[in-house]
Each structure stands twice: as structure tokens, then as C-alpha cells.
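Input: a single structure, listed below in C-alpha cells.
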Amino acid sequence: MVTAPQSPATRSRWARSPFYFNSASHLHRIGRERAANLQELVEALRSCSESSIFQHTFQTLEEHHFIKEGFSNDFSHWAFAACNEVELAERLAAIDIREFTSMATLRERLVHIIENYLQKNPRAALRTAMEPFYLMASDLVVVPTPYVARNLEEFADGLRKVSIHAIYYHFIDARLRLKLNTNDFSVWLEHDMDMAQAADRLNRIDIYTSTLEGVRRSILRIIEAEIARA
Amino acid sequence: MEEKNPKHKVASEEDTKQPREQKKEQAARAGATVEEPESGEAVSAVEPPATKERRFRQTDLPAHFIERRRHPRISTEQPPPPAPPRLDDYAAIIGQPELDEIRFLARHLRGKTVKMVNSTAVGGGVAEILNRLIPLMNELEIPTRWEVITGGNDFFEVTKGFHNALHGGDYNLTQQIRDIFMAYNDQNRQRMEFTEDLFVIHDPQPAGLVASRTQTRGRWIWRCHIDLSNPHQGVWDFLKPMIEQYDASIFSAPAFTRQLSIPQYLFYPSIDPLSEKNRELPEEYVNKVCDDFGIDRSRPVITQISRFDRLKDPVGVIEAYKLVKKYLDCQLVLAGGGATDDPEGAVVLQEVMDAAGDDPDVIILNLPPWSALEINALQRASTVIVQKSLKEGFGLTVTEGLWKQKPVVAGAVGGIPTQIIHKLTGVLVHSVEGCAYQIRYLLTHPEFAAQMGKNGREHAKENFLITVNLKRWLLLFQILLGMARPNDTI
């Protein structure tokens, strides 16, 4: 369903090309690797698929989108809740996935942090966790939605209507697809609407201190302010 | 408000039917095409259980509470099954965009046919799931047929033995047992037709049907609902070559899996938010149920819903309650079934009553199997929900508590840690003392409890609803049929 064109008086300028809202559905695959302690986690991290790294860092943010604080990635949570290694959990939680556009670099960072910690705390390496860590992977399938935006009003309308999975897909998952430190919304605003400042403001929304609904509201506030200014 | 959930129905033709007959009818009304064996698992008629009268010590409680606690008004009649929900009914719960995505995913599968096979049309979690799932698939124009394998008593004795052995029990796997298993699977292969596009075979009993895959062009999926983390090696070695002939397998938790050469997918068990057990209830009905059972809604209510089974640690829950009660006034409700038709359940119920002693604030309810609405009401009336299991499957009572936005305190076993992210969507405990402390904390920090309840509901909505599973099925079908490639747009 394409939003009906609005009257020129209320319509902001047309985009060079429209924004097509997509959503994403995913299936969890259970991987072969599992870890009963931190040493095993390091080994599993070295050998697991990139899809597993993605699942436990990027994808988990979508699955726990409703939690505002205390959740960053599955590795950090396991280090805290199952291994009782609070310092390691803090270090892992500090990883900001927005800085990574490749899974290989993210994998290296995870291994580096845990190995560093185990060098300083060798007894933690083989201490059995309260529950094992099972490495999962994710098969993601992109699902088109009926929403298309050709101007800011339609963009805001689409943002209000799409599912939270669409917000995740365009705002978080996009970084890996684009291999850039940005997101689909900002790319469209900058390149198709000539709104570089708004694109930048949008890209700086903190995904770690807000729920995905909160992210949606923050994006909408920026877009609505731009509509009001136009 | 009008009473929407009458427990006591007027006598009708349905009253005279046995539960098995009623459930078959329910499945048929739900749109599920069930072909049932003539000699499937027997289901005996369940007599309404009676809760024994307890002696209470002197108390300030009003007389009507004491009277109801001695003689709770427990429904003795099975209510008629409600009409199954339509897909659109879920829009209010999951939102229209989610529903649109489900319909979009299904559009590509229209006309593709599915056969689901399990070992029983009535009783058990698998039949319950299929009763809800299949009508939704058919509504999405994916013709889905449900068939049940047939077998003699010798076959079902073997499969019961397999079930226990796969959970880690001892078992003597003889050649005769293998032959019985294979013979009945072959017999069912001869009887059934395999013309569909997709075959979903549930659990080990019909696993041998996969031998027919050479005659079909369809894709084969093995859905394992049981925990295979510690199986009897001989039984697993016997089944594994069959399982590895499937295109994919599905497990309920990562911890329940074995190493297999085929892809293993994770489908969490799910609850239906529109079922009697989970749907929204008028506050008047919740009050009525509390009144029927003598529950005082002006004081905190701690509840554990589970059958009377030592693995659910009901006595441990009473010990935790006693530790809480030293500091805080509260009531404990232990509600469940299994004490009437299971001799061990009756023994455990007696242990629970002994542990409760003469404390009138420990309310023990031995409920009949048709008490879904009452259980729903009890969960909604609870201040804290406990599931202090020592061993657990997935723990759907935890899911039910999360869905009702309640703070849940649960043992860190089985599938429970998947549902409870410690201190975010609930609290995990490992001891009676830990359980007591966490209950006290939640009762004295209602804002924290409320936030956890809110997170828990979102967690359940995101992962453990039937609509999420429906979406998973659609995705898996698309992937297996080559209609969608992972990480691609369909």
C-alpha cells in the first residue's frame, strides 16, 4: 500500500528515489559449538561461523529490544550471569557494535578481550559456568512491507507503521550490509533528501540506552522537527 | 460486567462424552484434519479430584476464607471448548504490521501442502500445539493435514520405553524391540500416502516414516519436543541414522540437542495468548475464582502452578514461603493436578499437605484437567509467580507467568534460563533460601517487580507466542523449498 500523495501545501520536497521499508524475519540455527567455561568460549569464538558472531551481538539486540539497560550482547550476559566474571562482563558489554562493519573484526575484538582477561585471571579460564553457552546462528530473510516513502511525511508515516523488526533491519542490521558506520535511514536522508545534518543526528541515536521503540520515537522526533522546519 | 467465563455449564449432550471424544471434536471444530489410530494411547476418563480437608490453626482470617480454603469450589464439569481463534484475532496482541508479515510470508506458500504426523490426537503437549497451529496454517491457505500413527500396545510400550530412555533412563534395547518399532513404522508407511510438499514428523515414535522419502519429492522435517541432552546411548544410536535422513530437525532449546549431520533449528515451545489459559480475563472473574478458593486479594499472593511432582519441588516452595512469612504477611497458592490419576502424585500431594501443616495461608488446590480458566485467573491474581523446579522441560508455566506480566522466580533448570534473563525478565534461583530472598525482594520493591513483569511480557511476546512459531514454520518451509535463501529478500 503506497501512501496517497498529499497536497503540495503540506508535502515536503520529493526524494530522488523512494525509501522502501523492509522488515526481517529470522530463524535460529543451533550451532555445533558450545562452551562450558571461558577457555572453551574463546575456542568456540575462533571457530564458529560469522553468522554466530552476528547472532550473539547484532541479532540479540533485536530479540531483547525491549530492555533499556543491562543488556548489550549474549557474551557479556553469560560472563556475568553464568560465569560471575563481572569485570569481563563489563568489558564485553562496552563493545559497541556500531563501530563494526565486519564480523571478522568483531570476532577479533571479542577474542582479544576475553584472552586479555584470562591472562590476568588464569583461574577463570577453566572454571565451569553455571550453564553452558550454546552458539547459535541466524538465517535472516528480508520481508518487503507495503510502505514506501517519497518525501518526509511519507517517511514519518512509514516509521510509525512498520514493525519493530523493520526498525532493527534498517537502523542496526544495515551497518553490516552497507559496510559503513551508518544506517539505511541516514543514507536515504543524506543522498536522496540532501539532509546531511538530520542524517547525522539520526545516526547518533544511542541504541544501548534505549529500547527499539525508543529508537523509533527518537527518529520520528528528528523527522517531525525537519517537517516542521520545512 | 457480565460473567463471560461460566464454569458451571448446564447439562447437555456433551456432558456424557468422554474427554477423548470431546478433544477429538475440539480438534475437528478447530479445523484440524486428524486421522486417529484405532489403537492409540488410551486416555482414561478423569474423575473430578477432591482436595482433602485440612485442619487449620486459629487465625484472624474471616470465616468465609477459612470455609473456602477447607472446601474450595472446584469445577466438576468440563466446559465446552471455545471456538478457535482466527488469525485476525491476534492483531490486537501482536500488531497489524506483524500480522501483515505473517500473511506476506504465507502468500508464497499458498497451495503448498503439509502433512504433520504424531503419535496421538488427544492429550499431551504436541496434540495441543497441533490443535492450534493447523487451523492457522489452513487459514493461510497452506493445506495442512494431521495424521496419527497407529500401533498396538506392544508398539506404544516400546515408544514409552524409548521416551524414558531418551530422557536418560535405563533401558534394555533388544532386537525384538527394534523389530517392533520398525514393523509398526513400516505398517504406517504402507497405510499412509506421502503426496505433500512438506512432512513434519513429531518426536521419535513416527521417526521411521522417513524411509518413505525416496518415494516423494517433499522435504522432511523432524520436530523433536523432548530433551535429548542425556539420552540412553543405545536408543539414540538406533534412532540417529533415521533422524539424519531428514532435511532438517527442530529442537525446543539448544541444551536439548545432539550432534547431527542435518541442520538443527530452534523453535521455542509457545503459548497461545487467546487460549483459555492465557487470554485476558475480566477482573470480576479473577475475583470470583479467588473467592471460590478462599484467596484474600488484599494481601500478597505467591503462586506455583504445577502438577504434584517432586521435580517441581512444591515442598521447597513451602519452605521458601515460610522464610518469607517471617518478615512479610502473604499467602501461598500451590495449584496443580496429577494427584488423582497418578499414584505418585497422590503421595506428593500428601507430602505437600504435611509440609503446609496447619498454616491456613498455604492454599493447596488439586485441580481437574479442565481448569485452564481458573489457572489463568490464579496467575493473574498473583503478586509473584514461582516455578522452583529441580528439573524441567521448557517450563511453559513460566512463559504463562511472563505473558501475564508477573514477576517470576524460577529454578535455573531446563528451558527456564532461556526465558528468564536474570533480573531483567525474571529471577533465577538455585536454593530455597535464594527463592525466599528473591520473593521478599520483589514483594518489597514493587516498581522493580513491575518493570521485570513488563520486560517478561515483551520477552514472551517476542519469542514464545504461537504467532512467532507460525512465522518460524513459514520461514523454514520457504527455506527448505528453496523459495527464500537466508540473507536474501523474498
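Ligands are numbered from 1 in the order shown, residues from 1 within each chain, and chains are lettered A, B, ... in the order they appear in the C-alpha cells.
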
For chain B, work out the contacting residues on chain A at 8 Å, counting only C-alpha atoms, and write them as a VMD selection string.
chain A and resid 25 to 32 63 to 64 66 to 67 70 81 134 139 to 145 161 to 163

Pull N, CA and C atoms from the residues just selected and write them as a PDB file, in the first residue's frame.
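This is the output file result-v4.pdb:
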ATOM      1  N   SER A  25      12.818 -11.274   9.062  1.00  0.00           N
ATOM      2  CA  SER A  25      12.449 -12.378   9.954  1.00  0.00           C
ATOM      3  C   SER A  25      13.643 -13.299  10.023  1.00  0.00           C
ATOM      4  N   HIS A  26      13.807 -13.937  11.150  1.00  0.00           N
ATOM      5  CA  HIS A  26      14.977 -14.805  11.238  1.00  0.00           C
ATOM      6  C   HIS A  26      14.639 -16.127  11.920  1.00  0.00           C
ATOM      7  N   LEU A  27      15.399 -17.117  11.529  1.00  0.00           N
ATOM      8  CA  LEU A  27      15.288 -18.447  12.134  1.00  0.00           C
ATOM      9  C   LEU A  27      16.589 -18.724  12.858  1.00  0.00           C
ATOM     10  N   HIS A  28      16.486 -19.298  14.025  1.00  0.00           N
ATOM     11  CA  HIS A  28      17.698 -19.660  14.767  1.00  0.00           C
ATOM     12  C   HIS A  28      18.157 -21.049  14.378  1.00  0.00           C
ATOM     13  N   ARG A  29      19.429 -21.145  14.050  1.00  0.00           N
ATOM     14  CA  ARG A  29      20.044 -22.460  13.870  1.00  0.00           C
ATOM     15  C   ARG A  29      20.936 -22.738  15.064  1.00  0.00           C
ATOM     16  N   ILE A  30      20.897 -23.976  15.531  1.00  0.00           N
ATOM     17  CA  ILE A  30      21.732 -24.333  16.679  1.00  0.00           C
ATOM     18  C   ILE A  30      23.087 -24.768  16.138  1.00  0.00           C
ATOM     19  N   GLY A  31      24.123 -24.112  16.592  1.00  0.00           N
ATOM     20  CA  GLY A  31      25.464 -24.406  16.086  1.00  0.00           C
ATOM     21  C   GLY A  31      26.073 -25.632  16.749  1.00  0.00           C
ATOM     22  N   ARG A  32      27.224 -26.023  16.275  1.00  0.00           N
ATOM     23  CA  ARG A  32      27.904 -27.189  16.839  1.00  0.00           C
ATOM     24  C   ARG A  32      28.678 -26.822  18.102  1.00  0.00           C
ATOM     25  N   GLU A  63      16.301  -9.113  19.552  1.00  0.00           N
ATOM     26  CA  GLU A  63      15.500 -10.028  20.372  1.00  0.00           C
ATOM     27  C   GLU A  63      15.230  -9.467  21.766  1.00  0.00           C
ATOM     28  N   HIS A  64      16.120  -8.603  22.218  1.00  0.00           N
ATOM     29  CA  HIS A  64      15.929  -8.022  23.550  1.00  0.00           C
ATOM     30  C   HIS A  64      15.678  -6.528  23.437  1.00  0.00           C
ATOM     31  N   PHE A  66      13.374  -4.684  23.994  1.00  0.00           N
ATOM     32  CA  PHE A  66      12.527  -4.027  24.991  1.00  0.00           C
ATOM     33  C   PHE A  66      13.293  -3.692  26.269  1.00  0.00           C
ATOM     34  N   ILE A  67      14.547  -4.170  26.368  1.00  0.00           N
ATOM     35  CA  ILE A  67      15.323  -3.928  27.587  1.00  0.00           C
ATOM     36  C   ILE A  67      16.163  -2.672  27.403  1.00  0.00           C
ATOM     37  N   GLY A  70      21.305  -2.786  30.931  1.00  0.00           N
ATOM     38  CA  GLY A  70      21.824  -4.041  31.460  1.00  0.00           C
ATOM     39  C   GLY A  70      21.930  -5.139  30.437  1.00  0.00           C
ATOM     40  N   ALA A  81      26.172 -13.597  34.193  1.00  0.00           N
ATOM     41  CA  ALA A  81      25.161 -14.425  34.864  1.00  0.00           C
ATOM     42  C   ALA A  81      25.616 -15.861  35.087  1.00  0.00           C
ATOM     43  N   TYR A 134      25.637 -21.863  24.406  1.00  0.00           N
ATOM     44  CA  TYR A 134      25.387 -22.568  23.140  1.00  0.00           C
ATOM     45  C   TYR A 134      25.470 -21.558  22.008  1.00  0.00           C
ATOM     46  N   ASP A 139      19.401 -17.441  10.387  1.00  0.00           N
ATOM     47  CA  ASP A 139      19.067 -17.313   8.965  1.00  0.00           C
ATOM     48  C   ASP A 139      18.068 -16.171   8.851  1.00  0.00           C
ATOM     49  N   LEU A 140      18.492 -15.105   8.223  1.00  0.00           N
ATOM     50  CA  LEU A 140      17.643 -13.924   8.142  1.00  0.00           C
ATOM     51  C   LEU A 140      17.005 -13.824   6.754  1.00  0.00           C
ATOM     52  N   VAL A 141      15.714 -13.615   6.743  1.00  0.00           N
ATOM     53  CA  VAL A 141      15.013 -13.467   5.472  1.00  0.00           C
ATOM     54  C   VAL A 141      14.358 -12.083   5.453  1.00  0.00           C
ATOM     55  N   VAL A 142      14.625 -11.347   4.408  1.00  0.00           N
ATOM     56  CA  VAL A 142      14.112  -9.980   4.316  1.00  0.00           C
ATOM     57  C   VAL A 142      12.697 -10.010   3.740  1.00  0.00           C
ATOM     58  N   VAL A 143      11.807  -9.301   4.415  1.00  0.00           N
ATOM     59  CA  VAL A 143      10.393  -9.304   4.017  1.00  0.00           C
ATOM     60  C   VAL A 143       9.995  -7.883   3.617  1.00  0.00           C
ATOM     61  N   PRO A 144       9.589  -7.670   2.367  1.00  0.00           N
ATOM     62  CA  PRO A 144       9.147  -6.320   1.984  1.00  0.00           C
ATOM     63  C   PRO A 144       7.872  -5.934   2.732  1.00  0.00           C
ATOM     64  N   THR A 145       7.710  -4.664   3.015  1.00  0.00           N
ATOM     65  CA  THR A 145       6.456  -4.182   3.611  1.00  0.00           C
ATOM     66  C   THR A 145       5.737  -3.324   2.558  1.00  0.00           C
ATOM     67  N   LYS A 161       4.325   3.120  11.226  1.00  0.00           N
ATOM     68  CA  LYS A 161       3.503   1.928  10.962  1.00  0.00           C
ATOM     69  C   LYS A 161       4.272   0.611  10.911  1.00  0.00           C
ATOM     70  N   VAL A 162       5.540   0.649  10.560  1.00  0.00           N
ATOM     71  CA  VAL A 162       6.241  -0.626  10.385  1.00  0.00           C
ATOM     72  C   VAL A 162       6.490  -1.315  11.728  1.00  0.00           C
ATOM     73  N   SER A 163       6.773  -2.602  11.664  1.00  0.00           N
ATOM     74  CA  SER A 163       7.043  -3.343  12.896  1.00  0.00           C
ATOM     75  C   SER A 163       8.428  -2.955  13.417  1.00  0.00           C
TER      76      SER A 163
END

Would you pick out the contacts of stretch 171-179 of chain A at 9 Å or less, using only C-alpha atoms, so that residues sharing its chain but fewer than 6 positions from it are not included, and give the list as a VMD selection string?
chain A and resid 58 to 59 61 to 62 97 to 98 100 to 103 185 to 186 203 207 215

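Once B:Arg217 and its same-chain neighbours fewer than 5 positions away are set aside, Thr195, Glu196, Asp197 and Leu198 of chain B remain within 9 Å of it when counting only C-alpha atoms.
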
Writing out the chosen residues with C-alpha atoms as a PDB file, in the first residue's frame:
ATOM      1  CA  THR B 195       1.979 -36.771  -1.629  1.00  0.00           C
ATOM      2  CA  GLU B 196       2.526 -33.486   0.216  1.00  0.00           C
ATOM      3  CA  ASP B 197       5.247 -30.901  -0.301  1.00  0.00           C
ATOM      4  CA  LEU B 198       6.361 -30.920   3.323  1.00  0.00           C
TER       5      LEU B 198
END

Every residue of stretch 7-71 of chain A that DSSP places in helix (DSSP H, G or I), as number ranges by chain:
A: 38-47, 50-63

Excluding same-chain residues fewer than 5 positions from B:Ile142, what lies within 6 Å of it counting only C-alpha atoms, as a PDB file with N, CA and C atoms, in the first residue's frame?
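Output file around39.pdb follows:
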ATOM      1  N   ARG B 110       1.181 -20.406  -0.549  1.00  0.00           N
ATOM      2  CA  ARG B 110      -0.214 -20.784  -0.827  1.00  0.00           C
ATOM      3  C   ARG B 110      -0.267 -22.004  -1.734  1.00  0.00           C
ATOM      4  N   GLY B 111      -1.054 -22.983  -1.308  1.00  0.00           N
ATOM      5  CA  GLY B 111      -1.228 -24.178  -2.132  1.00  0.00           C
ATOM      6  C   GLY B 111      -0.206 -25.268  -1.838  1.00  0.00           C
ATOM      7  N   LYS B 112       0.870 -24.914  -1.168  1.00  0.00           N
ATOM      8  CA  LYS B 112       1.831 -25.963  -0.786  1.00  0.00           C
ATOM      9  C   LYS B 112       1.184 -26.808   0.309  1.00  0.00           C
ATOM     10  N   THR B 113       1.355 -28.092   0.226  1.00  0.00           N
ATOM     11  CA  THR B 113       0.667 -28.962   1.175  1.00  0.00           C
ATOM     12  C   THR B 113       1.637 -29.492   2.232  1.00  0.00           C
ATOM     13  N   MET B 137      -2.593 -22.489   9.828  1.00  0.00           N
ATOM     14  CA  MET B 137      -1.939 -22.812   8.541  1.00  0.00           C
ATOM     15  C   MET B 137      -2.994 -22.922   7.439  1.00  0.00           C
TER      16      MET B 137
END

One-decimal distance in Å that lies between atom CA of A:Glu108 and atom CA of A:Leu92:
12.3 Å

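Near B:Ala207, within 9 Å and counting only C-alpha atoms, sit Asn185, Ile201, His202, Asp203, Pro204, Val210, Ala211, Trp222, Leu239, Met242 and Ile243 of chain B, not including residues fewer than 3 positions from it in the same chain.
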
Kindly export the residues of the current selection with C-alpha atoms, as a PDB file, in the first residue's frame.
ATOM      1  CA  ASN B 185       6.620 -47.690  11.283  1.00  0.00           C
ATOM      2  CA  ILE B 201       7.191 -35.737  11.837  1.00  0.00           C
ATOM      3  CA  HIS B 202       6.854 -35.112  15.570  1.00  0.00           C
ATOM      4  CA  ASP B 203       9.017 -36.929  18.109  1.00  0.00           C
ATOM      5  CA  PRO B 204      10.647 -40.360  17.902  1.00  0.00           C
ATOM      6  CA  VAL B 210      11.251 -41.047   6.719  1.00  0.00           C
ATOM      7  CA  ALA B 211      12.064 -44.292   4.919  1.00  0.00           C
ATOM      8  CA  TRP B 222      11.824 -33.919  12.313  1.00  0.00           C
ATOM      9  CA  LEU B 239      17.302 -43.581  16.095  1.00  0.00           C
ATOM     10  CA  MET B 242      16.778 -42.335  10.802  1.00  0.00           C
ATOM     11  CA  ILE B 243      16.888 -38.740  12.022  1.00  0.00           C
TER      12      ILE B 243
END

Hey, which of A:Phe75, A:Phe80, A:Phe19, A:Tyr169 ends up closest to A:Ala156? Count only C-alpha atoms.
A:Phe19

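With distances taken over only C-alpha atoms, A:Ser72 is the one residue among A:Ser210, A:Ser17, A:Thr105, A:Ser72 lying closest to A:Glu90.
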
Could you list, as JSON, numbers by chain, every residue within 12 Å of A:Ala94, counting only C-alpha atoms and ignoring same-chain residues fewer than 4 positions away?
{"A": [57, 70, 71, 72, 73, 75, 76, 77, 87, 88, 89, 90, 98, 99, 109, 110, 113, 208]}

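The spacing separating atom CA of B:Gly395 from atom CA of A:Thr128 amounts to 24.4 Å.
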
If we count only C-alpha atoms, what is near B:Lys325 at a cut-off of 10 Å, once residues fewer than 5 positions away on the same chain are taken out, given as a ChimeraX atom specification?
/B:319-320,330-332,361,436,440

If I take atom CA of B:Met483 and atom CA of B:Val148, how far is one from the other in Å, to one decimal?
28.8 Å

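Nearest to B:Ile375 of all the residues B:Lys461, B:Arg279, B:Lys326, B:Lys312 is B:Arg279, counting only C-alpha atoms.
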
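Taking only C-alpha atoms into account, B:Ile134 lies nearest to B:Leu87 out of the set B:Leu173, B:Val427, B:Leu87, B:Cys224.
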